[in-house]
Each structure stands twice: as C-alpha cells, then as structure tokens.
Amino acid sequence: MAGLSLQHIWKKYPNGYEAVKDFNLEIADKEFIIFVGPSGCGKSTTLRMIAGLEDISSGTLKIGDRVVNDVESKDRDIAMVFQNYALYPHMTVYDNMAFALMLKKTPKAEIDKAVREAARILELEKVLDRRPSQLSGGQRQRVAMGRAIVRNPQVFLMDEPLSNLDAKLRVQMRAEIAKLHDRLGATIIYVTHDQTEAMTLGTRIVVMKDGIVQQVDSPTNLYNKPNNIFVAGFIGSPQMNFIDAKFDGSTLEAGGVKFELPEEKAAVLRDKGYSGKDVIMGVRPENVYDAKAEALCKLTAPFDAKITVFELLGSEVQLYFDFAGASMSAKVGQNSRAAVGDTMSFAFDVDKIHVFDKDTEQAVIH
Amino acid sequence: MAAQEIKATERFNWPVTILLLLGLFTVLFPLYMTVIIAFKQPSEMTNDVIGLLSFPQTWSLDNFREAMRVTDFWRSLFNSFLITAVTVIFSVIIHSLMGYAVARNMNRSKFYRFSYFYIVSGMFVPFAILMMPLVKQTAQLRIDNMFGVIVLYVVFFMPMNVLLYAGYLKNIPIALEEAAHVDGASTWTTYWKIIFPLMWPMHATVAVLTALGTWNDVMTPLVIMSGSGVNTLPLAQLNFQTQFGTNYNLAFASYLLALLPMLIFYLVAQKQIINGVINGAVK
C-alpha cells in the first residue's frame, strides 16, 4: 500500500476544455478518499488520470515516491473497479479474477489461492465457474471488486461502483466496502455523486465543481463547516436553506425578522467589515425548529410561514415553506401535526447559522 | 367469439406470409430443378413443362460419378478448399486487426478516419476494371498462381470485412479494454485475449461471406491462374460448357457436389452468429 501525491494536476482537452484545474492533494497510506461532485465536475477524469487511462496535461502525480505521469496503467500497481464493472464476458468469474495475475505470470497455485481467498471474502465461491451474464447485478459488482482485490495493489480506484445497483443492495454493498477497507488496510480512491456514500465511507472527502476542488475535509467538517455555498448546498439532504439577509452589526435581518447571532460570531462579521452589508444566511433543515415546540438549543426570533409541502419519511417529517423569497425546508419530529396550507411558526438554532459572502460565496462564519 | 377472431387474424399476417412464401418458392424451385436434373439422363430432358418438372425415371448416381471424373473432383476440391481456407484465415486475422485499429482510433485521428474511408471505398471498384492490370502485375511478380489468387482475395474482401469489423467494435465497450490495461495487458494482449474472442459472431459472419465469395468465384482464378494447370471447382465446371452446348445433367450434379462443403460450413458457422455474447460485460 502507498500514499499518493497529486501536485498541480491539470487536464486540458485539445478543444481547449479544461476538465480538471490545478488539482492538489496529498493522500496518506490507507486513506479512503472520496471524490464527490455533480456530473461533469472532473472527478472521474481525475480518477482516470490516476489510473493512467487519461493523459495528465500538466502537474505531477506520484504513487508512493515514484512519479508516474508517463508510466502505463499496467505498471502503476493500481486496480480499478469500473462503474459498469467491465467484466470480461467470455471468461468465467474465476478467469475474470485470475486474469491480471495470469498476465503477471504468477504461479498457478498462487493464483488459485488468491482467487479463492477473494471469492471467500466476497461470497462468490459458488459462482466461480459461471459467466458474468449468468450473475445478478450485485454478484457482478462483487466480481469487479474481487478482480481488484486479488491483485493486492498499492491503490484501489473505484469509479461509482455502486451506481448501477438498486437502493437496498447499494446500502449492503456500501457496508461491504467499508468492511473491505478495514480488512485490507488499502488506500482507496472512490468516485461518487452520492453524498451518502461519500459521508459514510470516506476518511476525507474532496468536493469538486467545474474541475476545481472546492474543499477537502473530513465528512464531519465538510458538513459542519462548509467552505462555500456550493459545498454547503451539495452536502446534506434536503440541502441547506439559503436566505438573503442584511447584517446590521449584531443581527441578521431577513423577511422583516431579526435573527440574533452569538456575540462571538457577530464580532467576527463586524471585524471582517460586514456591518450594513448584504450576506447569505445558511441554515440546515434540521436546525429549523417548530418555534412552539420545546427545543434543547437556543432559538432565534420566530417567524411565520405557510407550509407548501408535507413529507412524512417515517422517523421524521420534512416541511417545505417559503420565507423571505426563498424556498426552505425543515426537518421536524414525526409527531408534527402540521398540514399543507397551515401557517406555522419557525425559528433557527442560533449556534448553527452559517453566513456566506454574497459576492464570493465563501463562508464567513460557520 | 370476437376475441378468438382477433387472435386468429393476429396469428396470420397474410401479406407478410404471402411474401415469405413467394421468397421461399423462388429459392426452392430452382433448387428442386437442380436436384431432379442432376439425377436425370440427357435422354429424359424434354421441353414440355410436365417432363421438365417430373422426377427422373431412376435415381441413379451415375451423373455424380461422371461429373467427379470429368472435373477431377478431388483435386479441384482440394484446390478450392485450400484457397478458401487460407483466404478465410488470413481475412479474419488481418481484417479484424485492421478493423480494430481503425475503429478505435477513428475518432481521434484524421489518418485513421481517412484510412477507413479509403479502404471502404474499395468496395465500389468493380473487378472488371482491375482485371487486366492485375493479370499483368501478377504475371510480372510471378504470383500468377494460387498464392496470387489468395493475396488478391484477401485484398478484395478487405473493404467489406473492415466495414463489418469496425461496425461491430462499436458494440464492444471500451471499458473492457481499459479494464484489461489496468489489469496489466498490453494492447496486443488485450486484442488477442479480450477483443478477438468477443468478436466471434463477426468472425463467423466474415468467414461465411468470404468463404462463399471465394468458393464460388470463377473470374479471379480464371484470369490469374489460366494456363497454370491448377483448377478450382468452378473452373473445372466450365468444362461442361462446350462449344456445342452444355451438359446440364452433369453440370447440375457437379454444382450440387460443390455446394455441399459450403452448406456444411455455413451450418457450422451460423451457430456462432448469435447475439448477446457480450451480455454481462457491462451493466
């Protein structure tokens, strides 16, 4: 196993399109790194550059201590799990998994041992002599994983490996991958657009947009301290509520309501010169409370809003309403008696208000 | 009652059925004529319709024996077989490689795109135009023999085969090759271990088309190998057409004999022409 170092990596296509812009990241040994972002943000391109399937336009890529920019995929000592599995359809599951070792001219007994061990871990022992077409989606996915495992590579690359599975299987395989990471102690780089996968699997998450890294951080920090509006909106479901507000020196005013801030946060805003300026206030749906219910935290001044959508999710209820020209959502307890059309009184958790600069969209306070 | 009527009309699409029957008739009728004429004696050949369609008086294999003798059947069969087999093997190997190189690079290289259109445009050049220069060139190069004929066939079938292979490769996901590269395969290994086996349906199609074209061709061996004393089956069958007429009974018996190997080859190959081979490769 080994760490990776990506220094000033760029990907420019001949038509001038820049898919990845100045990507910098140090990945430690045994880390589980997630690349996450919307479609076309450059996450898969970055992964493919690491795999050697795309040329690196400029920058330096190191695996371990070795610069591998011009090293062919096969000599990079990596294994990749493809989004569509890419299993060799004319080979049995056994041969699919053994293929890489056979190319390396590994002794047959060793190949057999490695394949059977991987099959045991992934519970594929009974289907070793089947062809991919005779397998279910979940089994195919596991074969694709097995093909990577038998090689015992320095780095595992996974390109949206669960996106073709149904919801239930995806949750199951997600847990399997987490277990696998613990068991193998491998360095894994994992691309996904699913934020749940990102949050549950990663030791660190790289959020990308338009080829630019927005934030690299642990799942907790990413959720609690997003760098900018994009990250704040991308991580979390439903997404963070954003409201145009004005900072008057101690409170945030929006929709005719003055929302107080903790004094130390207000001081930060004042110090940074935001007094009297327009800002964007961000509040996560779970930090929006029914003002009349008992709350364990300190709440802001209440405001009234008319509920437009009511969603019962079982353990909780999501309410949607309009306030200060923005469409907002709130997560409340399942006992909520609110109904569509009702006017309800809401308030925010004072300590959980984020403030973003209106022009740069960067976070000012978390 | 009404439901049953609807069912009955759904089961029979009469216009299509009639078209199919017509198609079947146009194939079966000449075949029927060939078979019965092959068994008849020249004396049984009459000009009236009933006589023409009637069965032979005796089902004797004499015509076949005589046709085999006249055409030096086994030797001609061997020559035809050799030319066809070598042509098919070389075509499958060379044309699939060309198709692979062209199909995978066409989108990023003008050279390959040009090569593709250049090769495929060869389909529109009729043999008659090439015939005279080719006769001369093969003679000059001293390949006016079986070897020359094989080389020419491999070139003649190239446009169509490259077109077929390049088209088929579009169905083979590029992710498979990427997976093979990551697994440690070179381009060459990827081709032979992954791509070549996946193209079996197309190999079978190419083999059938190339074999049929080669087996039945008269013109190329006639103009290239004339005077070399080596006969292929169609060349030997020209013996039946003399200045004074054609012995249809012997000719048809010989045609049936020549048909059999191709029929067997087709039956074997068509099992390979099945779709769904790449099922399960990618979701």
# chains A, B, ... in the order shown; residues from 1 in each chain; ligands from 1
>>> interface_residues(of="chain A", to="chain B", cutoff="10 Å", atoms="only C-alpha atoms", output="PyMOL selection string")
chain A and resi 48+51-53+72-91+97-104+131-137+140-141+144+147-148+151+164-165
>>> residues_around(residues="Phe55 of chain B", least_positions_apart="6", cutoff="12 Å", atoms="only C-alpha atoms", output="count of residues only")
12
>>> atom_distance(atom1="atom CA of Thr200 of chain A", atom2="atom CA of Ser44 of chain A")
19.6 Å
>>> residues_around(residues="Ala338 of chain A", least_positions_apart="6", cutoff="9 Å", atoms="only C-alpha atoms", output="number ranges by chain")
A: 307, 310, 319, 344
>>> residues_around(residues="Met158 of chain B", least_positions_apart="5", cutoff="8 Å", atoms="only C-alpha atoms", output="list in words")
Ser91, His95, Ile119 and Val120 of chain B
>>> write_last_selection(atoms="C-alpha atoms", output="short mmCIF file (atom, residue, chain, number, x, y, z; two decimals), in the first residue's frame")
data_model
loop_
_atom_site.label_atom_id
_atom_site.label_comp_id
_atom_site.auth_asym_id
_atom_site.auth_seq_id
_atom_site.Cartn_x
_atom_site.Cartn_y
_atom_site.Cartn_z
CA SER B 91 -9.07 -12.38 -43.75
CA HIS B 95 -9.16 -7.62 -41.36
CA ILE B 119 -10.31 1.12 -47.54
CA VAL B 120 -14.08 1.00 -47.58
#
>>> residues_around(residues="Asp322 of chain A", least_positions_apart="4", cutoff="7 Å", atoms="only C-alpha atoms", output="number ranges by chain")
A: 305-306, 326-328
>>> write_last_selection(atoms="C-alpha atoms", output="PDB file, in the first residue's frame")
ATOM      1  CA  ALA A 305     -44.605  30.719   7.133  1.00  0.00           C
ATOM      2  CA  LYS A 306     -47.216  28.787   5.212  1.00  0.00           C
ATOM      3  CA  ALA A 326     -36.571  31.634  -0.647  1.00  0.00           C
ATOM      4  CA  SER A 327     -37.950  28.114  -0.719  1.00  0.00           C
ATOM      5  CA  MET A 328     -36.991  26.474   2.554  1.00  0.00           C
TER       6      MET A 328
END
>>> residues_around(residues="segment 218-226 of chain A", least_positions_apart="5", cutoff="8 Å", atoms="only C-alpha atoms", output="ChimeraX atom specification")
/A:198-200,202-205,231-232,235-236,363,366
>>> write_last_selection(atoms="C-alpha atoms", output="PDB file, in the first residue's frame")
ATOM      1  CA  ALA A 198     -19.300   9.974   0.451  1.00  0.00           C
ATOM      2  CA  MET A 199     -20.263  10.758   4.034  1.00  0.00           C
ATOM      3  CA  THR A 200     -20.388   7.156   5.250  1.00  0.00           C
ATOM      4  CA  GLY A 202     -14.689   8.439   3.352  1.00  0.00           C
ATOM      5  CA  THR A 203     -11.964   9.345   5.768  1.00  0.00           C
ATOM      6  CA  ARG A 204     -11.654  12.524   3.716  1.00  0.00           C
ATOM      7  CA  ILE A 205     -13.887  13.904   1.012  1.00  0.00           C
ATOM      8  CA  VAL A 231     -20.258  22.692  -0.605  1.00  0.00           C
ATOM      9  CA  ALA A 232     -22.926  23.714   1.887  1.00  0.00           C
ATOM     10  CA  ILE A 235     -23.629  18.016   1.171  1.00  0.00           C
ATOM     11  CA  GLY A 236     -26.791  17.339   3.129  1.00  0.00           C
ATOM     12  CA  ALA A 363     -18.156  31.056   4.154  1.00  0.00           C
ATOM     13  CA  HIS A 366     -19.811  28.556  10.444  1.00  0.00           C
TER      14      HIS A 366
END
>>> select_by_dssp(residues="segment 88-269 of chain A", states="strand (DSSP E)", output="ChimeraX atom specification")
/A:155-159,187-192,204-209,212-217,241-247,251-254,257-260
>>> write_last_selection(atoms="N, CA and C atoms", output="mmCIF file, in the first residue's frame")
data_model
loop_
_atom_site.group_PDB
_atom_site.id
_atom_site.type_symbol
_atom_site.label_atom_id
_atom_site.label_comp_id
_atom_site.auth_asym_id
_atom_site.auth_seq_id
_atom_site.Cartn_x
_atom_site.Cartn_y
_atom_site.Cartn_z
ATOM 1 N N VAL A 155 -2.952 0.852 -4.713
ATOM 2 C CA VAL A 155 -4.087 1.770 -4.621
ATOM 3 C C VAL A 155 -5.295 1.156 -5.326
ATOM 4 N N PHE A 156 -6.441 1.248 -4.689
ATOM 5 C CA PHE A 156 -7.696 0.843 -5.324
ATOM 6 C C PHE A 156 -8.398 2.085 -5.859
ATOM 7 N N LEU A 157 -8.842 2.026 -7.091
ATOM 8 C CA LEU A 157 -9.611 3.135 -7.649
ATOM 9 C C LEU A 157 -11.016 2.617 -7.931
ATOM 10 N N MET A 158 -12.005 3.331 -7.481
ATOM 11 C CA MET A 158 -13.384 2.885 -7.714
ATOM 12 C C MET A 158 -14.185 4.021 -8.329
ATOM 13 N N ASP A 159 -14.732 3.753 -9.494
ATOM 14 C CA ASP A 159 -15.466 4.783 -10.221
ATOM 15 C C ASP A 159 -16.963 4.509 -10.114
ATOM 16 N N THR A 187 -5.305 1.726 0.416
ATOM 17 C CA THR A 187 -5.572 3.111 0.028
ATOM 18 C C THR A 187 -6.653 3.043 -1.048
ATOM 19 N N ILE A 188 -7.751 3.716 -0.826
ATOM 20 C CA ILE A 188 -8.854 3.656 -1.785
ATOM 21 C C ILE A 188 -9.223 5.069 -2.237
ATOM 22 N N ILE A 189 -9.350 5.239 -3.524
ATOM 23 C CA ILE A 189 -9.904 6.494 -4.049
ATOM 24 C C ILE A 189 -11.220 6.135 -4.719
ATOM 25 N N TYR A 190 -12.247 6.801 -4.305
ATOM 26 C CA TYR A 190 -13.602 6.372 -4.647
ATOM 27 C C TYR A 190 -14.366 7.566 -5.220
ATOM 28 N N VAL A 191 -14.884 7.405 -6.412
ATOM 29 C CA VAL A 191 -15.634 8.490 -7.042
ATOM 30 C C VAL A 191 -17.125 8.220 -6.911
ATOM 31 N N THR A 192 -17.870 9.200 -6.520
ATOM 32 C CA THR A 192 -19.318 9.022 -6.436
ATOM 33 C C THR A 192 -20.012 10.368 -6.589
ATOM 34 N N ARG A 204 -11.639 11.123 4.155
ATOM 35 C CA ARG A 204 -11.654 12.524 3.716
ATOM 36 C C ARG A 204 -12.437 12.606 2.407
ATOM 37 N N ILE A 205 -13.072 13.724 2.212
ATOM 38 C CA ILE A 205 -13.887 13.904 1.012
ATOM 39 C C ILE A 205 -13.348 15.090 0.219
ATOM 40 N N VAL A 206 -13.252 14.908 -1.080
ATOM 41 C CA VAL A 206 -12.851 16.002 -1.963
ATOM 42 C C VAL A 206 -14.091 16.433 -2.729
ATOM 43 N N VAL A 207 -14.557 17.644 -2.494
ATOM 44 C CA VAL A 207 -15.741 18.119 -3.219
ATOM 45 C C VAL A 207 -15.256 18.925 -4.421
ATOM 46 N N MET A 208 -15.745 18.565 -5.597
ATOM 47 C CA MET A 208 -15.308 19.247 -6.821
ATOM 48 C C MET A 208 -16.479 19.888 -7.545
ATOM 49 N N LYS A 209 -16.152 20.965 -8.263
ATOM 50 C CA LYS A 209 -17.149 21.603 -9.117
ATOM 51 C C LYS A 209 -16.420 22.244 -10.291
ATOM 52 N N ILE A 212 -12.684 22.221 -10.375
ATOM 53 C CA ILE A 212 -11.931 22.885 -9.296
ATOM 54 C C ILE A 212 -12.296 22.247 -7.958
ATOM 55 N N VAL A 213 -11.277 21.977 -7.155
ATOM 56 C CA VAL A 213 -11.526 21.418 -5.825
ATOM 57 C C VAL A 213 -12.128 22.513 -4.951
ATOM 58 N N GLN A 214 -13.273 22.238 -4.347
ATOM 59 C CA GLN A 214 -13.947 23.220 -3.502
ATOM 60 C C GLN A 214 -13.510 23.089 -2.057
ATOM 61 N N GLN A 215 -13.378 21.856 -1.608
ATOM 62 C CA GLN A 215 -12.987 21.630 -0.215
ATOM 63 C C GLN A 215 -12.509 20.194 -0.056
ATOM 64 N N VAL A 216 -11.476 20.019 0.743
ATOM 65 C CA VAL A 216 -11.007 18.675 1.093
ATOM 66 C C VAL A 216 -11.064 18.599 2.604
ATOM 67 N N ASP A 217 -11.891 17.718 3.113
ATOM 68 C CA ASP A 217 -12.038 17.676 4.567
ATOM 69 C C ASP A 217 -12.684 16.379 5.014
ATOM 70 N N ASN A 241 -30.703 25.565 3.700
ATOM 71 C CA ASN A 241 -31.541 26.699 3.272
ATOM 72 C C ASN A 241 -30.681 27.948 3.164
ATOM 73 N N PHE A 242 -30.828 28.673 2.090
ATOM 74 C CA PHE A 242 -30.084 29.917 1.922
ATOM 75 C C PHE A 242 -31.063 31.087 1.850
ATOM 76 N N ILE A 243 -30.797 32.114 2.656
ATOM 77 C CA ILE A 243 -31.695 33.265 2.703
ATOM 78 C C ILE A 243 -30.861 34.538 2.544
ATOM 79 N N ASP A 244 -31.302 35.413 1.665
ATOM 80 C CA ASP A 244 -30.635 36.711 1.558
ATOM 81 C C ASP A 244 -30.915 37.504 2.830
ATOM 82 N N ALA A 245 -29.865 38.042 3.445
ATOM 83 C CA ALA A 245 -30.050 38.766 4.711
ATOM 84 C C ALA A 245 -29.120 39.969 4.756
ATOM 85 N N LYS A 246 -29.380 40.832 5.727
ATOM 86 C CA LYS A 246 -28.528 42.005 5.893
ATOM 87 C C LYS A 246 -27.993 42.007 7.322
ATOM 88 N N PHE A 247 -26.681 42.186 7.468
ATOM 89 C CA PHE A 247 -26.078 42.199 8.800
ATOM 90 C C PHE A 247 -26.046 43.636 9.320
ATOM 91 N N THR A 251 -27.328 41.628 14.415
ATOM 92 C CA THR A 251 -28.289 40.596 13.980
ATOM 93 C C THR A 251 -28.341 40.531 12.459
ATOM 94 N N LEU A 252 -28.935 39.401 11.993
ATOM 95 C CA LEU A 252 -29.151 39.244 10.553
ATOM 96 C C LEU A 252 -30.614 39.510 10.276
ATOM 97 N N GLU A 253 -30.890 40.420 9.353
ATOM 98 C CA GLU A 253 -32.281 40.740 9.080
ATOM 99 C C GLU A 253 -32.709 40.158 7.745
ATOM 100 N N ALA A 254 -33.808 39.395 7.802
ATOM 101 C CA ALA A 254 -34.331 38.810 6.561
ATOM 102 C C ALA A 254 -35.842 38.700 6.698
ATOM 103 N N VAL A 257 -37.583 39.967 9.795
ATOM 104 C CA VAL A 257 -37.290 39.374 11.110
ATOM 105 C C VAL A 257 -35.807 39.562 11.414
ATOM 106 N N LYS A 258 -35.518 39.859 12.655
ATOM 107 C CA LYS A 258 -34.108 39.996 13.040
ATOM 108 C C LYS A 258 -33.657 38.720 13.741
ATOM 109 N N PHE A 259 -32.704 38.036 13.113
ATOM 110 C CA PHE A 259 -32.197 36.796 13.700
ATOM 111 C C PHE A 259 -30.915 37.113 14.455
ATOM 112 N N GLU A 260 -30.938 36.842 15.775
ATOM 113 C CA GLU A 260 -29.733 37.170 16.534
ATOM 114 C C GLU A 260 -28.641 36.136 16.304
#
>>> closest_residue(among="A:Ala19, A:Leu162, A:Met145, A:Leu25", to="Glu123 of chain A", atoms="only C-alpha atoms")
A:Met145
>>> select_by_dssp(residues="segment 60-173 of chain A", states="alpha helix (DSSP H)", output="MDAnalysis selection string")
chainID A and resid 93:103 108:121 137:149 167:173
>>> residues_around(residues="Ala207 of chain B", least_positions_apart="4", cutoff="10 Å", atoms="only C-alpha atoms", output="MDAnalysis selection string")
chainID B and resid 84:85 87:89 91:92 161 201:203 211:213 265:266 269
>>> closest_residue(among="A:Gln7, A:Pro14, A:Gly146, A:Phe32", to="Ile50 of chain A", atoms="only C-alpha atoms")
A:Gln7
